[in-house]
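The structure under discussion appears below in the form of structure tokens.
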Amino acid sequence: FNDANTSAPTVLVRCELDALPISEKKPHRNKAGDNQVSHSCGHDGHMAMVLGVGHLVQADLAANPSAANPKRVVLLFQPAEETGQGAAAVIADAAFKRERLTPDVVFSLHNTPDVEFGHVGVRDGSFACASRGMVVRLHGRTSHASKPSAGINPALAMCGIVQRLLQLSNETPNGVGDDAYKLVTVVHTRLGERAMGTSPGFAEVVATLRTESDDDMASLVASAEAIVAEETAKTK
């Protein structure tokens, strides 16, 4: 909006547009056509809100065409938020720079079921935890299932890593907002292939780490990495 005025400050309003790989169980009118995905994180609501902002901005520009130096407004519908790759991809996109979309101010929000309908929640400091993804890949050596000693099976290391990562969590009574809060969630594991004749030589653990501060995140990452090193050292 107001794209001709390139000298004006640029305000960017951002939302996400990706769904989650979770089957939709409830018969919503806006249920996804693909039964293997759903907007369980509310990104469809975010998109509706930003579209509403667009309608309001357009109406304001139409009603005040001679307003002095109105701001440029950019609506960003960001892909791949759930994978953590979308923001970097948008910023790195040549079109983002070519169209001079780099903002002076960015506004975003996230819905939450804890806030009463029709209300907006605000707070001092951080609103949500810092979040970081962790992927652990364990490479052993595949062997026949009848001779597991001929290979290196990462099963015990994988189980030890999962158990100890979960023990790093400190879900304080006050929850998010407490400086001591930290959370590790194991979101995916994989061990070898579904083949009865093999002792697996590969495993993968995927987890998310959450803390209230960057310093706590650095400490949590160090603890998680130490666990991986200790558990893998047992399986050699």
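Ordered as shown in the structure tokens, chains take letters A, B, and onward, while each chain numbers its residues from 1 and ligands are numbered from 1 in the order shown.
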
Might you pull out every residue within 12 Å of Leu168 of chain A, with only C-alpha atoms counted and same-chain residues fewer than 2 positions away left off, and present them as a VMD selection string? chain A and resid 161 to 166 170 to 171 180 to 186 207 to 211 216 to 217 219 to 227

With N, CA, C and O atoms retained, export the selected residues as a compact mmCIF listing (two decimals), in the first residue's frame.
```
# COMPACT_ATOMS: atom_id res chain seq x y z
N ILE A 161 19.46 -40.65 24.98
CA ILE A 161 19.37 -39.23 24.62
C ILE A 161 17.96 -38.71 24.83
O ILE A 161 17.75 -37.64 25.41
N VAL A 162 16.97 -39.47 24.38
CA VAL A 162 15.57 -39.05 24.53
C VAL A 162 15.22 -38.88 26.01
O VAL A 162 14.66 -37.85 26.42
N GLN A 163 15.56 -39.86 26.81
CA GLN A 163 15.21 -39.81 28.23
C GLN A 163 15.89 -38.64 28.93
O GLN A 163 15.25 -37.89 29.69
N ARG A 164 17.15 -38.42 28.67
CA ARG A 164 17.88 -37.36 29.37
C ARG A 164 17.53 -35.97 28.85
O ARG A 164 17.56 -35.00 29.62
N LEU A 165 17.22 -35.86 27.57
CA LEU A 165 16.79 -34.56 27.05
C LEU A 165 15.50 -34.12 27.74
O LEU A 165 15.36 -32.95 28.14
N LEU A 166 14.57 -35.05 27.90
CA LEU A 166 13.30 -34.71 28.55
C LEU A 166 13.51 -34.29 30.00
O LEU A 166 12.76 -33.47 30.54
N ASN A 170 12.28 -27.82 32.78
CA ASN A 170 11.92 -27.26 34.08
C ASN A 170 10.66 -26.43 33.88
O ASN A 170 10.70 -25.21 33.72
N GLU A 171 9.51 -27.10 33.85
CA GLU A 171 8.24 -26.42 33.65
C GLU A 171 7.75 -25.88 34.99
O GLU A 171 7.03 -26.54 35.72
N ALA A 180 13.12 -19.02 35.12
CA ALA A 180 13.71 -20.35 35.26
C ALA A 180 13.09 -21.38 34.31
O ALA A 180 13.53 -22.53 34.26
N TYR A 181 12.08 -20.97 33.57
CA TYR A 181 11.35 -21.90 32.69
C TYR A 181 12.23 -22.39 31.55
O TYR A 181 12.86 -21.60 30.85
N LYS A 182 12.26 -23.68 31.35
CA LYS A 182 12.90 -24.26 30.17
C LYS A 182 12.16 -25.55 29.81
O LYS A 182 11.66 -26.26 30.69
N LEU A 183 12.13 -25.81 28.53
CA LEU A 183 11.34 -26.95 28.05
C LEU A 183 12.03 -27.61 26.87
O LEU A 183 12.45 -26.95 25.92
N VAL A 184 12.14 -28.93 26.95
CA VAL A 184 12.63 -29.73 25.82
C VAL A 184 11.51 -30.68 25.43
O VAL A 184 11.00 -31.44 26.26
N THR A 185 11.13 -30.64 24.16
CA THR A 185 10.08 -31.52 23.65
C THR A 185 10.66 -32.36 22.52
O THR A 185 11.15 -31.82 21.52
N VAL A 186 10.65 -33.66 22.69
CA VAL A 186 11.08 -34.57 21.62
C VAL A 186 9.92 -34.70 20.65
O VAL A 186 8.83 -35.14 21.03
N ALA A 207 14.20 -32.58 18.37
CA ALA A 207 13.61 -31.96 19.56
C ALA A 207 13.55 -30.45 19.40
O ALA A 207 14.28 -29.87 18.60
N THR A 208 12.67 -29.82 20.16
CA THR A 208 12.65 -28.36 20.27
C THR A 208 13.04 -27.96 21.67
O THR A 208 12.64 -28.61 22.65
N LEU A 209 13.80 -26.89 21.77
CA LEU A 209 14.27 -26.37 23.04
C LEU A 209 13.67 -24.98 23.23
O LEU A 209 13.72 -24.15 22.31
N ARG A 210 13.13 -24.69 24.42
CA ARG A 210 12.52 -23.39 24.69
C ARG A 210 13.00 -22.84 26.04
O ARG A 210 13.05 -23.57 27.03
N THR A 211 13.34 -21.54 26.04
CA THR A 211 13.72 -20.85 27.26
C THR A 211 13.21 -19.42 27.21
O THR A 211 12.77 -18.94 26.16
N ASP A 216 19.86 -18.41 28.79
CA ASP A 216 19.36 -19.73 29.21
C ASP A 216 19.33 -20.71 28.04
O ASP A 216 19.56 -21.90 28.21
N MET A 217 19.06 -20.19 26.83
CA MET A 217 19.06 -21.06 25.66
C MET A 217 20.46 -21.59 25.40
O MET A 217 20.65 -22.78 25.11
N SER A 219 22.78 -22.09 27.57
CA SER A 219 23.05 -23.08 28.60
C SER A 219 22.32 -24.39 28.31
O SER A 219 22.89 -25.49 28.47
N LEU A 220 21.07 -24.30 27.87
CA LEU A 220 20.28 -25.50 27.57
C LEU A 220 20.87 -26.25 26.37
O LEU A 220 20.95 -27.48 26.38
N VAL A 221 21.30 -25.51 25.36
CA VAL A 221 21.93 -26.15 24.20
C VAL A 221 23.20 -26.88 24.61
O VAL A 221 23.45 -28.02 24.18
N ALA A 222 24.02 -26.23 25.45
CA ALA A 222 25.25 -26.87 25.91
C ALA A 222 24.95 -28.15 26.67
O ALA A 222 25.64 -29.18 26.49
N SER A 223 23.94 -28.13 27.51
CA SER A 223 23.56 -29.33 28.27
C SER A 223 23.08 -30.44 27.34
O SER A 223 23.42 -31.61 27.52
N ALA A 224 22.28 -30.07 26.34
CA ALA A 224 21.76 -31.06 25.39
C ALA A 224 22.89 -31.67 24.58
O ALA A 224 22.92 -32.89 24.35
N GLU A 225 23.82 -30.84 24.14
CA GLU A 225 24.95 -31.35 23.35
C GLU A 225 25.84 -32.26 24.19
O GLU A 225 26.37 -33.26 23.70
N ALA A 226 25.99 -31.93 25.48
CA ALA A 226 26.79 -32.78 26.36
C ALA A 226 26.15 -34.15 26.53
O ALA A 226 26.84 -35.18 26.56
N ILE A 227 24.83 -34.18 26.62
CA ILE A 227 24.11 -35.45 26.74
C ILE A 227 24.35 -36.31 25.51
O ILE A 227 24.62 -37.52 25.61
```

So which residues touch segment 33-43 of chain A within 6 Å, counting only C-alpha atoms, skipping near sequence neighbours fewer than 3 positions away, as a count of residues only? 9

Would you return as a ChimeraX atom specification the members of segment 9-206 of chain A that DSSP assigns to strand (DSSP E) on this structure's backbone? /A:10-16,72-78,105-107,130-139,143-144,182-191,198-199,202-206

Can you pull out every residue within 7 Å of Arg72 of chain A, counting only C-alpha atoms, but drop anything in the same chain fewer than 2 positions away, and send it as a ChimeraX atom specification? /A:1-3,5,8-11,70,74

If you keep C-alpha atoms, can you produce a file of those selected residues as a short mmCIF file (atom, residue, chain, number, x, y, z; two decimals), in the first residue's frame?
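Wrote it out as part-v6.cif, contents follow:
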```cif
data_model
loop_
_atom_site.label_atom_id
_atom_site.label_comp_id
_atom_site.auth_asym_id
_atom_site.auth_seq_id
_atom_site.Cartn_x
_atom_site.Cartn_y
_atom_site.Cartn_z
CA PHE A 1 0.00 0.00 0.00
CA ASN A 2 1.25 3.52 -0.89
CA ASP A 3 4.12 1.87 -2.73
CA ASN A 5 6.04 6.83 -1.71
CA ALA A 8 8.07 7.05 3.65
CA PRO A 9 8.74 4.70 6.58
CA THR A 10 7.76 1.11 5.78
CA VAL A 11 5.52 -0.78 8.19
CA PRO A 70 1.50 8.37 4.67
CA VAL A 74 3.55 -4.24 3.46
#
```

Report the residues of segment 40-133 of chain A whose backbone DSSP state falls under helix (DSSP H, G or I), written as a VMD selection string. chain A and resid 43 to 63 86 to 92 94 to 98

Shell of 12 Å around segment 96-112 of chain A, only C-alpha atoms, local chain residues under 4 positions omitted, as a ChimeraX atom specification: /A:1,3-16,40-50,53,71-78,87-92,116-122,127-128

Quick one: write out the picked residues with C-alpha atoms as a PDB file, in the first residue's frame?
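again.pdb written:
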```pdb
ATOM      1  CA  PHE A   1       0.000   0.000   0.000  1.00  0.00           C
ATOM      2  CA  ASP A   3       4.116   1.868  -2.727  1.00  0.00           C
ATOM      3  CA  ALA A   4       4.895   4.964  -4.799  1.00  0.00           C
ATOM      4  CA  ASN A   5       6.044   6.832  -1.708  1.00  0.00           C
ATOM      5  CA  THR A   6       9.399   5.056  -1.299  1.00  0.00           C
ATOM      6  CA  SER A   7      10.726   7.767   1.021  1.00  0.00           C
ATOM      7  CA  ALA A   8       8.068   7.046   3.653  1.00  0.00           C
ATOM      8  CA  PRO A   9       8.742   4.695   6.584  1.00  0.00           C
ATOM      9  CA  THR A  10       7.756   1.111   5.776  1.00  0.00           C
ATOM     10  CA  VAL A  11       5.523  -0.778   8.186  1.00  0.00           C
ATOM     11  CA  LEU A  12       5.382  -4.557   7.717  1.00  0.00           C
ATOM     12  CA  VAL A  13       2.548  -6.644   9.161  1.00  0.00           C
ATOM     13  CA  ARG A  14       3.434 -10.331   9.214  1.00  0.00           C
ATOM     14  CA  CYS A  15       1.598 -13.618   9.530  1.00  0.00           C
ATOM     15  CA  GLU A  16       2.322 -17.251   8.659  1.00  0.00           C
ATOM     16  CA  SER A  40      -3.839 -26.530  14.510  1.00  0.00           C
ATOM     17  CA  CYS A  41      -1.519 -23.607  15.277  1.00  0.00           C
ATOM     18  CA  GLY A  42      -4.058 -21.035  14.097  1.00  0.00           C
ATOM     19  CA  HIS A  43      -2.213 -19.671  11.092  1.00  0.00           C
ATOM     20  CA  ASP A  44      -5.467 -19.498   9.137  1.00  0.00           C
ATOM     21  CA  GLY A  45      -6.699 -17.074  11.788  1.00  0.00           C
ATOM     22  CA  HIS A  46      -3.519 -15.040  11.490  1.00  0.00           C
ATOM     23  CA  MET A  47      -3.976 -14.774   7.732  1.00  0.00           C
ATOM     24  CA  ALA A  48      -7.579 -13.616   8.188  1.00  0.00           C
ATOM     25  CA  MET A  49      -6.412 -10.922  10.614  1.00  0.00           C
ATOM     26  CA  VAL A  50      -3.745  -9.585   8.259  1.00  0.00           C
ATOM     27  CA  VAL A  53      -5.633  -5.098   8.209  1.00  0.00           C
ATOM     28  CA  LYS A  71       3.527   5.310   5.562  1.00  0.00           C
ATOM     29  CA  ARG A  72       4.098   2.417   3.186  1.00  0.00           C
ATOM     30  CA  VAL A  73       2.410  -0.751   4.455  1.00  0.00           C
ATOM     31  CA  VAL A  74       3.554  -4.239   3.464  1.00  0.00           C
ATOM     32  CA  LEU A  75       1.551  -7.365   4.293  1.00  0.00           C
ATOM     33  CA  LEU A  76       3.773 -10.427   4.568  1.00  0.00           C
ATOM     34  CA  PHE A  77       2.296 -13.939   4.419  1.00  0.00           C
ATOM     35  CA  GLN A  78       5.353 -15.941   5.411  1.00  0.00           C
ATOM     36  CA  ALA A  87      11.837 -16.014   7.587  1.00  0.00           C
ATOM     37  CA  ALA A  88      15.401 -16.466   6.339  1.00  0.00           C
ATOM     38  CA  ALA A  89      14.128 -17.429   2.882  1.00  0.00           C
ATOM     39  CA  VAL A  90      11.970 -14.296   2.654  1.00  0.00           C
ATOM     40  CA  ILE A  91      14.818 -12.009   3.687  1.00  0.00           C
ATOM     41  CA  ALA A  92      17.222 -13.698   1.264  1.00  0.00           C
ATOM     42  CA  GLU A 116     -10.823 -14.452  26.164  1.00  0.00           C
ATOM     43  CA  PHE A 117     -12.449 -14.061  22.748  1.00  0.00           C
ATOM     44  CA  GLY A 118     -12.369 -10.455  21.551  1.00  0.00           C
ATOM     45  CA  HIS A 119      -9.490  -9.478  23.823  1.00  0.00           C
ATOM     46  CA  VAL A 120      -5.805  -8.758  23.146  1.00  0.00           C
ATOM     47  CA  GLY A 121      -3.094  -9.832  25.574  1.00  0.00           C
ATOM     48  CA  VAL A 122       0.064  -7.777  26.082  1.00  0.00           C
ATOM     49  CA  PHE A 127       5.792 -12.667  25.004  1.00  0.00           C
ATOM     50  CA  ALA A 128       6.904 -16.167  24.091  1.00  0.00           C
TER      51      ALA A 128
END
```

Within 7 Å of Asp18 of chain A using only C-alpha atoms, minus same-chain residues under 3 positions, as JSON, numbers by chain: {"A": [43, 79, 80, 81]}

Deliver the residues from the most recent selection as a file, using N, CA, C and O atoms, as a CSV table (one decimal), in the first residue's frame.
```csv
chain,number,residue,atom,x,y,z
A,43,HIS,N,-2.7,-20.6,12.1
A,43,HIS,CA,-2.2,-19.7,11.1
A,43,HIS,C,-3.3,-19.2,10.1
A,43,HIS,O,-3.1,-18.1,9.5
A,79,PRO,N,5.8,-18.1,4.4
A,79,PRO,CA,5.7,-19.6,4.4
A,79,PRO,C,6.7,-20.2,5.4
A,79,PRO,O,7.6,-19.5,6.0
A,80,ALA,N,6.6,-21.5,5.6
A,80,ALA,CA,7.6,-22.4,6.3
A,80,ALA,C,7.9,-21.8,7.7
A,80,ALA,O,9.1,-21.9,8.1
A,81,GLU,N,7.0,-21.4,8.4
A,81,GLU,CA,7.3,-20.9,9.8
A,81,GLU,C,7.5,-22.1,10.7
A,81,GLU,O,8.4,-22.1,11.6
```

Name the residues in contact with Ala195 of chain A at a cut-off of 12 Å, using only C-alpha atoms, excluding same-chain residues fewer than 2 positions from it; report them as a list in words. Thr142, Ser143, His144, Ala145, Leu191, Gly192, Glu193, Gly197, Thr198, Ser199 and Pro200 of chain A

Save out the residues we just selected, C-alpha atoms, as a PDB file, in the first residue's frame.
```
ATOM      1  CA  THR A 142      24.198 -51.932  10.042  1.00  0.00           C
ATOM      2  CA  SER A 143      24.481 -55.690  10.451  1.00  0.00           C
ATOM      3  CA  HIS A 144      22.255 -58.724  10.126  1.00  0.00           C
ATOM      4  CA  ALA A 145      19.710 -59.082  12.921  1.00  0.00           C
ATOM      5  CA  LEU A 191      15.612 -45.960  14.221  1.00  0.00           C
ATOM      6  CA  GLY A 192      16.810 -47.838  11.157  1.00  0.00           C
ATOM      7  CA  GLU A 193      14.350 -49.288   8.680  1.00  0.00           C
ATOM      8  CA  GLY A 197      16.486 -58.991   9.121  1.00  0.00           C
ATOM      9  CA  THR A 198      18.619 -56.001  10.062  1.00  0.00           C
ATOM     10  CA  SER A 199      20.145 -54.534  13.169  1.00  0.00           C
ATOM     11  CA  PRO A 200      19.975 -50.779  12.489  1.00  0.00           C
TER      12      PRO A 200
END
```

Using atom CA of Gln167 of chain A and atom CA of Ile152 of chain A as the two end points, give the distance in Å to one decimal.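 Rounded to one decimal, the two atoms are 25.9 Å apart.
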